[in-house]
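Single-structure report; data block below.
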Amino acid sequence: GTITSKPYLYFVSKNDTLNAGCGMGHVMMVNRGTFNYIDSDDEIAAIVGHEMGHGQKDHAANSIKNNLNQQLLAQVGVAVAGGTTLANLIGSLALTHTIADYGRGKEAEADNLAWDYLLKTNYNLGATAAVMQKFVELEKGHKRSGIESFFNPSDHPDSSKRRDNYAKKLYEYSKKHAEVDKKGVVLVNKKEFVTPAPVGKMSSAERAYFVLGNLAAAYHRGYDKQEATVSNGTVYLGQQAIITPVDGDEDAATLATRLNEIKNLKAKS
């Protein structure tokens with residue numbers, strides 16, 4: 001169904017960990033701690049898009065229903081054998097499955113839906129991979145069960161694999177012209193374009209995916225047929241902003257010149 005027919009209730013939880021969830025009744029929750037780690041609206045949109053994917057596909061309701069069916073069967077078996085009644089089962093489930101255990105297949109489906117939703121917006125598509133890169137960095141040195149990272153990490157696919165899934169989508173969306181390599185370098189037609197400097201709460205690698213998102217949008221819209229230019233300190237390819245250099249970056253004129261030199265090379269398959 002659509003968001004119109006299935007409206008959401010949005011809440012910011014007074015919890016200082018980084019997490020979000022979508023429960024039954026299309027109740028969307030984002031912990032306030034999320035905003036301590038993330039100050040990009042685009043990345044917040046990617047998080048909300050993922051949870052909206054769960055909501056649109058009724059993952060919470062279906063998960064609880066499946067758990068209920070399994071536990072009912074077990075309890076019926078106990079009752080037949082002369083055990084306790086089913087009186088507390090529903091209440092127990094309501095507590096233990098407030099945020100449902102969707103399973104990895106459902107998480108992958110929600111990731112892909114988040115991509116589809118962002119395609120229909122003006123948010124930077126690179127935020128999908130960027131936010132996963134942030135989770136990869138946050139998880140370093142921590143046991144996955146030891147931090148309440150995005151989406152209850154114990155039952156989610158590895159963050160690096162989720163990042164790479166989005167990175168592949170960005171590469172395809174750019175018509176196979178732009179990508180980020182394993183060192184965090186933004187490549188255009190397999191040639192080095194830029195290694196962005198970190199800024200604020202965003203690492204170099206995380207920021208690289210935002211540059212990739214801009215390049216992917218430019219190539220997808222055919223702006224590569226136009227010149228890379230500089231306007232008010234920002235490098236543009238056609239009408240698409242690509243990067244606004246900060247301290248630690250190469251200057252805009254240098255980046256625009258380099259982009260013009262490599263933007264029309266034959267794309268590699």
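Every chain in the structure tokens has a letter given in the order shown (A, B, ...), and although residue numbers restart at 1 in each chain, ligands are simply numbered from 1 in the order shown.
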
Legend entry - Within 12 Å of Asn122 (chain A) using only C-alpha atoms, minus same-chain residues under 6 positions, as a count of residues only: 8

Legend entry - Near-Gly33 (chain A) list (7 Å; only C-alpha atoms; drop same-chain fewer than 3 positions) as a list in words: Asn15, Asp16, Thr17, Leu18, Asn36 and Tyr37 of chain A

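Shortest separation to Val185 (chain A) among A:Val199, A:Leu170, A:Leu212, A:Leu255 occurs at residue A:Leu212, atoms counted being only C-alpha atoms.
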
Legend entry - For CA of Leu237 (chain A) and CA of Phe193 (chain A), the interatomic separation in Å (one decimal): 13.1 Å

Inset, instruction - Write out as a ChimeraX atom specification all residues of region 167-249 of chain A that backbone DSSP assigns to alpha helix (DSSP H). - result: /A:167-173,204-220

Mind writing the picked residues with N, CA and C atoms as a short mmCIF file (atom, residue, chain, number, x, y, z; two decimals), in the first residue's frame?
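Listing of selection27.cif after writing:
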data_model
loop_
_atom_site.label_atom_id
_atom_site.label_comp_id
_atom_site.auth_asym_id
_atom_site.auth_seq_id
_atom_site.Cartn_x
_atom_site.Cartn_y
_atom_site.Cartn_z
N ALA A 167 26.50 0.67 -2.64
CA ALA A 167 27.55 1.17 -3.51
C ALA A 167 27.39 0.61 -4.93
N LYS A 168 27.00 -0.65 -5.01
CA LYS A 168 26.77 -1.26 -6.33
C LYS A 168 25.60 -0.58 -7.03
N LYS A 169 24.55 -0.27 -6.28
CA LYS A 169 23.41 0.43 -6.87
C LYS A 169 23.82 1.81 -7.39
N LEU A 170 24.68 2.50 -6.63
CA LEU A 170 25.15 3.81 -7.05
C LEU A 170 25.99 3.71 -8.32
N TYR A 171 26.83 2.69 -8.40
CA TYR A 171 27.64 2.47 -9.59
C TYR A 171 26.76 2.24 -10.81
N GLU A 172 25.75 1.40 -10.65
CA GLU A 172 24.82 1.14 -11.75
C GLU A 172 24.04 2.40 -12.12
N TYR A 173 23.63 3.15 -11.10
CA TYR A 173 22.85 4.37 -11.35
C TYR A 173 23.67 5.40 -12.11
N SER A 204 36.17 10.73 6.05
CA SER A 204 36.51 10.85 4.64
C SER A 204 35.74 9.84 3.79
N ALA A 205 35.74 8.57 4.25
CA ALA A 205 35.07 7.52 3.48
C ALA A 205 33.57 7.76 3.42
N GLU A 206 32.98 8.20 4.53
CA GLU A 206 31.55 8.48 4.55
C GLU A 206 31.21 9.59 3.56
N ARG A 207 32.01 10.64 3.59
CA ARG A 207 31.76 11.78 2.69
C ARG A 207 31.95 11.38 1.22
N ALA A 208 32.84 10.43 0.98
CA ALA A 208 33.07 9.97 -0.40
C ALA A 208 31.79 9.45 -1.03
N TYR A 209 30.95 8.80 -0.23
CA TYR A 209 29.70 8.27 -0.80
C TYR A 209 28.71 9.39 -1.14
N PHE A 210 28.80 10.52 -0.45
CA PHE A 210 27.97 11.66 -0.83
C PHE A 210 28.42 12.23 -2.18
N VAL A 211 29.74 12.31 -2.38
CA VAL A 211 30.25 12.76 -3.68
C VAL A 211 29.83 11.77 -4.76
N LEU A 212 29.90 10.47 -4.44
CA LEU A 212 29.47 9.45 -5.38
C LEU A 212 27.99 9.61 -5.72
N GLY A 213 27.17 9.90 -4.71
CA GLY A 213 25.74 10.11 -4.97
C GLY A 213 25.50 11.25 -5.93
N ASN A 214 26.26 12.34 -5.79
CA ASN A 214 26.12 13.48 -6.69
C ASN A 214 26.58 13.13 -8.10
N LEU A 215 27.70 12.42 -8.20
CA LEU A 215 28.19 12.01 -9.52
C LEU A 215 27.21 11.06 -10.20
N ALA A 216 26.65 10.13 -9.42
CA ALA A 216 25.69 9.18 -9.98
C ALA A 216 24.48 9.91 -10.54
N ALA A 217 23.99 10.91 -9.80
CA ALA A 217 22.84 11.69 -10.27
C ALA A 217 23.20 12.44 -11.56
N ALA A 218 24.41 13.00 -11.61
CA ALA A 218 24.83 13.75 -12.79
C ALA A 218 24.89 12.86 -14.02
N TYR A 219 25.51 11.71 -13.89
CA TYR A 219 25.62 10.80 -15.03
C TYR A 219 24.26 10.23 -15.42
N HIS A 220 23.45 9.93 -14.43
CA HIS A 220 22.12 9.38 -14.72
C HIS A 220 21.28 10.36 -15.52
#

Inset, instruction - Measuring atom to atom with only C-alpha atoms, identify which of A:Ile47, A:Ala256, A:Leu265, A:Met28 is nearest to Ala178 (chain A). - result: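 The closest residue to Ala178 (chain A) is A:Leu265.
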